[in-house]
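K.L.:
I have a structure I would like to understand better, so I am pasting it below and will then ask my questions one at a time.
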Amino acid sequence: MMASISELIGTQPILALFLAIGLGYAVGQIRFLDFSLGVGAVLFVGLFIGAIAPKVQIAGPLGLVGLIMFLYAIGILYGRQFFEGLSGPGRIYNLLAAIAVIAGLLVALGLGAVFQVSLGHTLGIFAGSMVSTAALQAAIDTIGNRDPSIGYSVTYPFGVIGPILCLYFMTRRVKPVFPPQPIRFHIGEVTVERLPAAGATLGAVMATLPEGVQIAGVRQEHHNRLPDPDLELHPGDALLIAADRAVAVDEVASVLGHIDRGRLARDRGDITYQRFFVSKPALTGVKLAELPLPPGIPIRVLHVRRYDMDVMPTPDLMLELGDRVGVLVAPDHVAEARAHFGDTVKAAADFSYVSVGLGMVLGVLLGLIPIPVPGVGTVTLGIGGGPLIVALILGRLRRTGPLSWVMPLPANIVLRNLGLTLFLATVGINSGQAFVTTVAQTGPLMLLIGVAMLLTTVAIVLLAGFYLLKIPFDDLLGVASGATGNPAILAYSARTAPTDRPDVCYAMIFPSMTIVKVFSVQVLGLLSLAG
């Protein structure tokens with residue numbers, strides 16, 4: 001029976017591939033003490049399939065295509081945060097993470113030399129402990145064989161659970177107190193009693209407002225209207241105030257009059273509130289101050305709902321496909337406004353294949369450019385670095401002429417998870433036989449080296465970051481998650497700290513540390529070959 005199954009799988013690589021994906025995701029959902037392998041289980045199921053069916057091999061560039069999809073989606077999503085992280089506190093965070101990653105690599109190299117572990121296996125240990133698929137591919141390309149995938153497979157599980165355990169014990173020790181999650185959009189209605197001067201215009205009043213406060217609507221003479229800077233205000237008029245801080249609404253009310261809820265909201269005869277999905281690519285990547293609106297139809301963007309958060313419509317905010325915009329518009333023009341934004345839910349899972357294809361082409365070409373390194377030779381960014389760097393740049397630009405580079409979050413998640421799944425399944429199936437042989441001989445030793453390497457990296461980030469650099473703890477969780485890399489670690493950090501800072505700091509750190517890991521692996525591989 002087993003021989004028949006092995007023969008069937010061995011002659012049907014596509015069957016093996018989808019078997020690894022399906023069973024891998026099923027195994028990845030199994031939880032033990034709040035820990036699960038997630039998508040990483042695809043690698044281990046692939047190794048099992050490769051071990052029981054020695055003939056099966058996934059030929060061609062399918063795995064590399066998956067890796068490019070994964071890295072490109074990561075770069076597009078985090079491009080803006082990455083470049084913001086190159087200034088201010090982000091520079092300190094990136095430097096701390098880089099020191100920790102390099103220190104961990106040196107520990108792995110030192111222990112590998114002491115216990116006579118091959119460089120290929122050592123680089124795989126490094127990639128697995130750092131759960132970096134890009135570094136694994138760079139190691140395979142540089143070494144020229146599948147040895148790195150063995151070390152990667154042995155150390156990957158602890159690469160996921162190890163940082164989570166470290167964060168758990170560190171949190172219990174320091175007992176941090178986190179600020180409440182801020183709400184970034186507040187509205188209020190204010191009846192005007194006092195004006196800066198008799199006959200003051202709306203524009204003059206707007207110039208006196210605190211930062212982050214806007215006037216979204218006016219009620220005058222029993223009618224609601226959209227704001228016009230030339231409109232003359234009078235006592236008894238009502239203003240619809242939008243602000244990024246709740247206290248700002250009270251500040252405006254204390255200066256101009258008093259809070260009077262419902263004065264505008266009760267009357268929908270002149271202006272109504274509507275929420276539309278942004279589904280037209282031409283509207284994305286454009287600042288709200290420059291956003292084209294249908295001619296002759298007054299529309300006021302009151303707020304933008306992105307993912308699960310309301311955002312103030314600042315002039316430099318750019319819309320994305322899948323955003324939901326809350327607008328004030330005359331009831332007679334609702335249909336035209338809906339047609340202008342598109343308002344189809346399909347936008348949440350759609351993106352431009354032209355921009356994705358062109359962006360990936362540019363990334364592959366960048367990865368082929370030789371970079372001279374004195375004393376080492378010539379290195380390339382390769383498949384692991386080129387697409388990521390290009391995607392980061394395009395994610396920062398967001399739009400170039402008619403091309404919108406960004407994609408909705410649901411589509412991004414599908415693209416990167418599918419890509420990562422294809423890569424892990426391919427690597428696992430193709431390395432199954434070598435994995436069994438090597439683990440039986442040196443598996444425990446590889447695991448111990450990976451544990452020592454990972455603990456070094458995480459300890460430097462947590463201890464130096466908290467006690468020496470005094471980094472806020474929710475920021476520190478994001479830095480540690482970005483340095484070690486796996487999204488499961490970030491998910492644990494986000495549950496630990498109920499703020500958005502772990503996500504933001506992860507976005508600052510993860511791309512740059514991926515580049516550091518890829519570049520380090522390539523340099524070490526070339527040095528080995530030269531020696």
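By order in the structure tokens, chains are A, B, ...; within a chain, residues start at 1; ligands start at 1, following the order shown.
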Return as a VMD selection string the full set of residues in range 201-430 of chain A whose backbone-based DSSP assignment is strand (DSSP E or B).

P.N.:
chain A and resid 201 213 to 220 223 to 225 232 238 to 243 257 to 259 272 to 278 287 299 to 306 309 to 311 318 324 to 329 342 371 to 373 377 to 379 399 to 400 403 to 404

K.L.:
Have a look at A:Thr380, A:Ala97, A:Ser493, A:Ile21 and name the one nearest to Asp141 in chain A; count only C-alpha atoms.

P.N.:
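Smallest distance to Asp141 in chain A is found for A:Thr380.
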
K.L.:
For each of A:Lys55, A:Arg398, A:Arg80, A:Arg219, take the minimum atom-to-atom distance to Pro511 in chain A, counting only C-alpha atoms, then give the residue where this is smallest.

P.N.:
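So, comparing all the options, the nearest one is A:Arg80.
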
K.L.:
Can you work out which one of A:Met309, A:Val177, A:Ala243, A:Ala238 has the shortest atom-to-atom distance to Thr496 in chain A, counting only C-alpha atoms?

P.N.:
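Comparing A:Met309, A:Val177, A:Ala243, A:Ala238 against Thr496 in chain A, the winner is A:Val177.
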
K.L.:
What's the separation between CA of Pro313 in chain A and CA of Arg184 in chain A, in Å to one decimal place?

P.N.:
10.5 Å

K.L.:
Do a neighbour search on Glu320 in chain A at 8 Å with only C-alpha atoms, toss out local chain neighbours closer than 2 positions, and write the hits as a list in words.

P.N.:
Val278, Leu283, Thr284, Gly285, Met318, Gly322, Asp323, Val406, Met407 and Pro408 of chain A

K.L.:
Just C-alpha atoms for this one: save the residues we selected as an mmCIF file, in the first residue's frame.

P.N.:
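Written out: result.cif:
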data_model
loop_
_atom_site.group_PDB
_atom_site.id
_atom_site.type_symbol
_atom_site.label_atom_id
_atom_site.label_comp_id
_atom_site.auth_asym_id
_atom_site.auth_seq_id
_atom_site.Cartn_x
_atom_site.Cartn_y
_atom_site.Cartn_z
ATOM 1 C CA VAL A 278 -13.035 53.099 -3.917
ATOM 2 C CA LEU A 283 -8.497 57.580 -7.986
ATOM 3 C CA THR A 284 -5.728 55.706 -6.134
ATOM 4 C CA GLY A 285 -2.286 57.064 -5.399
ATOM 5 C CA MET A 318 -3.852 58.981 -0.857
ATOM 6 C CA GLY A 322 -10.784 48.910 -1.277
ATOM 7 C CA ASP A 323 -10.909 52.059 0.873
ATOM 8 C CA VAL A 406 -0.416 49.550 -4.518
ATOM 9 C CA MET A 407 -3.016 46.840 -4.022
ATOM 10 C CA PRO A 408 -5.812 46.296 -1.485
#

K.L.:
Using only C-alpha atoms, which protein or nucleic acid residues come within 8 Å of range 153-165 of chain A? Drop anything in the same chain fewer than 2 positions from it, and give the result as JSON, numbers by chain.

P.N.:
{"A": [35, 37, 40, 43, 44, 124, 125, 128, 129, 130, 131, 149, 150, 151, 167, 168, 169, 435, 439, 443, 446, 447, 450, 451, 454, 455, 458, 480, 481, 484, 486, 488, 489, 492]}

K.L.:
Report the distance between CA of Ala20 in chain A and CA of Gly432 in chain A in Å, rounded to one decimal place.

P.N.:
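For CA of Ala20 in chain A relative to CA of Gly432 in chain A, the distance reads 11.9 Å.
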
K.L.:
With distances taken over only C-alpha atoms, which residue among A:Pro294, A:Gly262, A:Gly199, A:Pro227 lies nearest His333 in chain A?

P.N.:
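Comparing A:Pro294, A:Gly262, A:Gly199, A:Pro227 against His333 in chain A, the winner is A:Pro294.
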
K.L.:
Compare A:Ala507, A:Ile30, A:Val107, A:Leu321 by their minimum atom-to-atom distance to Ile449 in chain A, counting only C-alpha atoms, and give me the closest one.

P.N.:
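That would be A:Val107, the residue with the smallest distance to Ile449 in chain A.
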
K.L.:
Neighbours of Pro235 in chain A within 10 Å (only C-alpha atoms; same-chain residues fewer than 2 positions away dropped), as a list of chain:residue names?

P.N.:
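The neighbour list is A:Thr191, A:Val192, A:Glu193, A:Arg194, A:Leu195, A:Ala198, A:Gly199, A:Gln220, A:Leu233, A:Asp237, A:Ala238, A:Leu256, A:Gly257.
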
K.L.:
Tell me which of A:Val174, A:Val329, A:Ile14, A:Thr122 sits closest to Leu105 in chain A, counting only C-alpha atoms.

P.N.:
A:Thr122

K.L.:
Would you work out the distance separating CA of Pro61 in chain A from CA of Val39 in chain A, expressed in Å to one decimal?

P.N.:
20.4 Å

K.L.:
Tell me which protein, DNA and RNA residues are within 8 Å of Met508 in chain A, counting only C-alpha atoms, leaving out same-chain ones fewer than 6 positions away, and put them as a VMD selection string.

P.N.:
chain A and resid 78 81 to 86 90 94 482

K.L.:
Mind writing the picked residues with C-alpha atoms as a PDB file, in the first residue's frame?

P.N.:
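And here is the file that came out, out.pdb:
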ATOM      1  CA  TYR A  78       5.356  48.314   3.742  1.00  0.00           C
ATOM      2  CA  GLN A  81       6.682  52.733   6.535  1.00  0.00           C
ATOM      3  CA  PHE A  82      10.094  51.403   5.550  1.00  0.00           C
ATOM      4  CA  PHE A  83      11.345  54.721   4.195  1.00  0.00           C
ATOM      5  CA  GLU A  84       9.837  56.603   7.133  1.00  0.00           C
ATOM      6  CA  GLY A  85      11.850  54.248   9.339  1.00  0.00           C
ATOM      7  CA  LEU A  86      15.095  55.473   7.790  1.00  0.00           C
ATOM      8  CA  GLY A  90      13.603  54.240  12.955  1.00  0.00           C
ATOM      9  CA  ASN A  94      17.165  49.424  12.349  1.00  0.00           C
ATOM     10  CA  GLY A 482      10.843  42.493  12.408  1.00  0.00           C
TER      11      GLY A 482
END

K.L.:
Enumerate, as an mmCIF file with C-alpha atoms, in the first residue's frame, the complete set of residues in range 377-528 of chain A that a backbone-based DSSP assignment places in helix (DSSP H, G or I).

P.N.:
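Written file, states-v1.cif:
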data_model
loop_
_atom_site.group_PDB
_atom_site.id
_atom_site.type_symbol
_atom_site.label_atom_id
_atom_site.label_comp_id
_atom_site.auth_asym_id
_atom_site.auth_seq_id
_atom_site.Cartn_x
_atom_site.Cartn_y
_atom_site.Cartn_z
ATOM 1 C CA GLY A 382 19.336 38.027 -6.485
ATOM 2 C CA ILE A 383 15.777 36.799 -6.346
ATOM 3 C CA GLY A 384 15.667 37.477 -2.625
ATOM 4 C CA GLY A 385 16.727 41.119 -2.749
ATOM 5 C CA GLY A 386 15.924 42.689 -6.111
ATOM 6 C CA PRO A 387 12.127 42.307 -6.095
ATOM 7 C CA LEU A 388 11.935 43.381 -2.450
ATOM 8 C CA ILE A 389 13.886 46.619 -2.998
ATOM 9 C CA VAL A 390 11.935 47.542 -6.133
ATOM 10 C CA ALA A 391 8.642 46.816 -4.343
ATOM 11 C CA LEU A 392 9.659 49.013 -1.396
ATOM 12 C CA ILE A 393 10.382 51.902 -3.761
ATOM 13 C CA LEU A 394 7.148 51.417 -5.697
ATOM 14 C CA GLY A 395 5.190 51.063 -2.458
ATOM 15 C CA ARG A 396 6.608 54.426 -1.426
ATOM 16 C CA LEU A 397 5.784 56.060 -4.778
ATOM 17 C CA LEU A 409 -4.807 44.508 1.707
ATOM 18 C CA PRO A 410 -6.953 41.385 1.024
ATOM 19 C CA ALA A 411 -5.375 40.983 -2.427
ATOM 20 C CA ASN A 412 -1.921 41.580 -0.961
ATOM 21 C CA ILE A 413 -2.432 38.906 1.696
ATOM 22 C CA VAL A 414 -3.604 36.375 -0.904
ATOM 23 C CA LEU A 415 -0.649 37.122 -3.213
ATOM 24 C CA ARG A 416 2.030 36.864 -0.541
ATOM 25 C CA ASN A 417 0.562 33.797 1.181
ATOM 26 C CA LEU A 418 0.153 31.962 -2.125
ATOM 27 C CA GLY A 419 3.715 32.839 -3.105
ATOM 28 C CA LEU A 420 5.163 31.744 0.228
ATOM 29 C CA THR A 421 3.168 28.514 0.084
ATOM 30 C CA LEU A 422 4.461 27.616 -3.395
ATOM 31 C CA PHE A 423 8.039 28.317 -2.346
ATOM 32 C CA LEU A 424 7.913 26.314 0.888
ATOM 33 C CA ALA A 425 6.160 23.350 -0.738
ATOM 34 C CA THR A 426 8.728 23.232 -3.549
ATOM 35 C CA VAL A 427 11.729 23.478 -1.229
ATOM 36 C CA GLY A 428 10.312 20.850 1.121
ATOM 37 C CA ILE A 429 9.465 18.280 -1.566
ATOM 38 C CA ASN A 430 12.802 18.675 -3.357
ATOM 39 C CA SER A 431 14.784 18.361 -0.086
ATOM 40 C CA GLY A 432 12.912 15.464 1.532
ATOM 41 C CA GLN A 433 15.492 12.697 1.024
ATOM 42 C CA ALA A 434 18.488 14.801 2.044
ATOM 43 C CA PHE A 435 16.569 16.004 5.093
ATOM 44 C CA VAL A 436 16.013 12.487 6.438
ATOM 45 C CA THR A 437 19.662 11.531 5.998
ATOM 46 C CA THR A 438 21.121 14.682 7.516
ATOM 47 C CA VAL A 439 18.751 15.020 10.469
ATOM 48 C CA ALA A 440 19.468 11.440 11.528
ATOM 49 C CA GLN A 441 23.164 12.321 11.747
ATOM 50 C CA THR A 442 23.429 15.947 12.937
ATOM 51 C CA GLY A 443 19.870 17.217 13.504
ATOM 52 C CA PRO A 444 20.104 17.796 17.308
ATOM 53 C CA LEU A 445 23.406 19.645 16.905
ATOM 54 C CA MET A 446 21.925 21.918 14.233
ATOM 55 C CA LEU A 447 18.956 22.653 16.457
ATOM 56 C CA LEU A 448 21.207 23.625 19.393
ATOM 57 C CA ILE A 449 23.216 25.968 17.162
ATOM 58 C CA GLY A 450 19.974 27.536 15.932
ATOM 59 C CA VAL A 451 18.707 28.002 19.484
ATOM 60 C CA ALA A 452 21.933 29.701 20.574
ATOM 61 C CA MET A 453 21.902 31.937 17.504
ATOM 62 C CA LEU A 454 18.270 32.964 17.896
ATOM 63 C CA LEU A 455 18.497 33.649 21.636
ATOM 64 C CA THR A 456 21.504 35.876 20.981
ATOM 65 C CA THR A 457 19.571 37.933 18.453
ATOM 66 C CA VAL A 458 16.399 38.298 20.528
ATOM 67 C CA ALA A 459 18.284 38.997 23.777
ATOM 68 C CA ILE A 460 20.236 41.850 22.188
ATOM 69 C CA VAL A 461 17.069 43.463 20.828
ATOM 70 C CA LEU A 462 15.038 43.124 24.020
ATOM 71 C CA LEU A 463 17.669 43.813 26.668
ATOM 72 C CA ALA A 464 19.637 46.541 24.894
ATOM 73 C CA GLY A 465 16.473 48.104 23.490
ATOM 74 C CA PHE A 466 14.612 48.227 26.790
ATOM 75 C CA TYR A 467 17.330 48.852 29.369
ATOM 76 C CA LEU A 468 19.911 50.847 27.390
ATOM 77 C CA PHE A 473 7.814 48.429 24.895
ATOM 78 C CA ASP A 474 5.213 48.311 22.134
ATOM 79 C CA ASP A 475 7.840 49.658 19.703
ATOM 80 C CA LEU A 476 10.311 47.084 21.010
ATOM 81 C CA LEU A 477 7.894 44.243 20.300
ATOM 82 C CA GLY A 478 7.686 45.387 16.680
ATOM 83 C CA VAL A 479 11.477 45.668 16.368
ATOM 84 C CA ALA A 480 11.961 42.142 17.760
ATOM 85 C CA SER A 481 9.261 40.804 15.429
ATOM 86 C CA GLY A 482 10.843 42.493 12.408
ATOM 87 C CA ALA A 483 14.340 41.284 13.266
ATOM 88 C CA THR A 484 13.219 37.669 13.615
ATOM 89 C CA PRO A 487 4.335 37.026 10.886
ATOM 90 C CA ALA A 488 3.243 34.704 13.713
ATOM 91 C CA ILE A 489 5.647 36.575 16.005
ATOM 92 C CA LEU A 490 4.116 39.874 14.933
ATOM 93 C CA ALA A 491 0.632 38.491 15.573
ATOM 94 C CA TYR A 492 1.667 37.557 19.125
ATOM 95 C CA SER A 493 3.201 41.024 19.619
ATOM 96 C CA ALA A 494 0.011 42.689 18.406
ATOM 97 C CA ARG A 495 -2.017 40.660 20.930
ATOM 98 C CA THR A 496 0.418 41.609 23.693
ATOM 99 C CA ARG A 501 3.130 50.375 17.140
ATOM 100 C CA PRO A 502 4.161 46.691 16.759
ATOM 101 C CA ASP A 503 2.796 46.723 13.194
ATOM 102 C CA VAL A 504 4.440 50.043 12.331
ATOM 103 C CA CYS A 505 7.847 49.066 13.734
ATOM 104 C CA TYR A 506 7.679 45.635 12.101
ATOM 105 C CA ALA A 507 7.160 47.429 8.792
ATOM 106 C CA MET A 508 10.232 49.587 9.480
ATOM 107 C CA ILE A 509 12.464 46.643 10.357
ATOM 108 C CA PHE A 510 11.397 43.559 8.395
ATOM 109 C CA PRO A 511 12.367 44.718 4.858
ATOM 110 C CA SER A 512 15.786 46.082 5.849
ATOM 111 C CA MET A 513 16.618 42.999 7.921
ATOM 112 C CA THR A 514 15.602 40.768 5.012
ATOM 113 C CA ILE A 515 18.140 42.627 2.879
ATOM 114 C CA VAL A 516 20.789 42.320 5.630
ATOM 115 C CA LYS A 517 20.188 38.560 5.892
ATOM 116 C CA VAL A 518 20.302 38.019 2.119
ATOM 117 C CA PHE A 519 23.428 40.115 1.650
ATOM 118 C CA SER A 520 25.239 38.463 4.586
ATOM 119 C CA VAL A 521 24.488 34.980 3.275
ATOM 120 C CA GLN A 522 25.727 35.881 -0.208
ATOM 121 C CA VAL A 523 28.971 37.417 1.056
ATOM 122 C CA LEU A 524 29.733 34.415 3.267
ATOM 123 C CA GLY A 525 28.978 32.004 0.440
ATOM 124 C CA LEU A 526 31.270 33.851 -1.959
ATOM 125 C CA LEU A 527 34.055 34.006 0.635
ATOM 126 C CA SER A 528 33.758 30.255 1.098
#

K.L.:
Residues at most 12 Å from Gly342 in chain A, counting only C-alpha atoms, excluding those fewer than 5 positions away in the same chain, as a ChimeraX atom specification?

P.N.:
/A:275-284,321-325,335-337,347-348
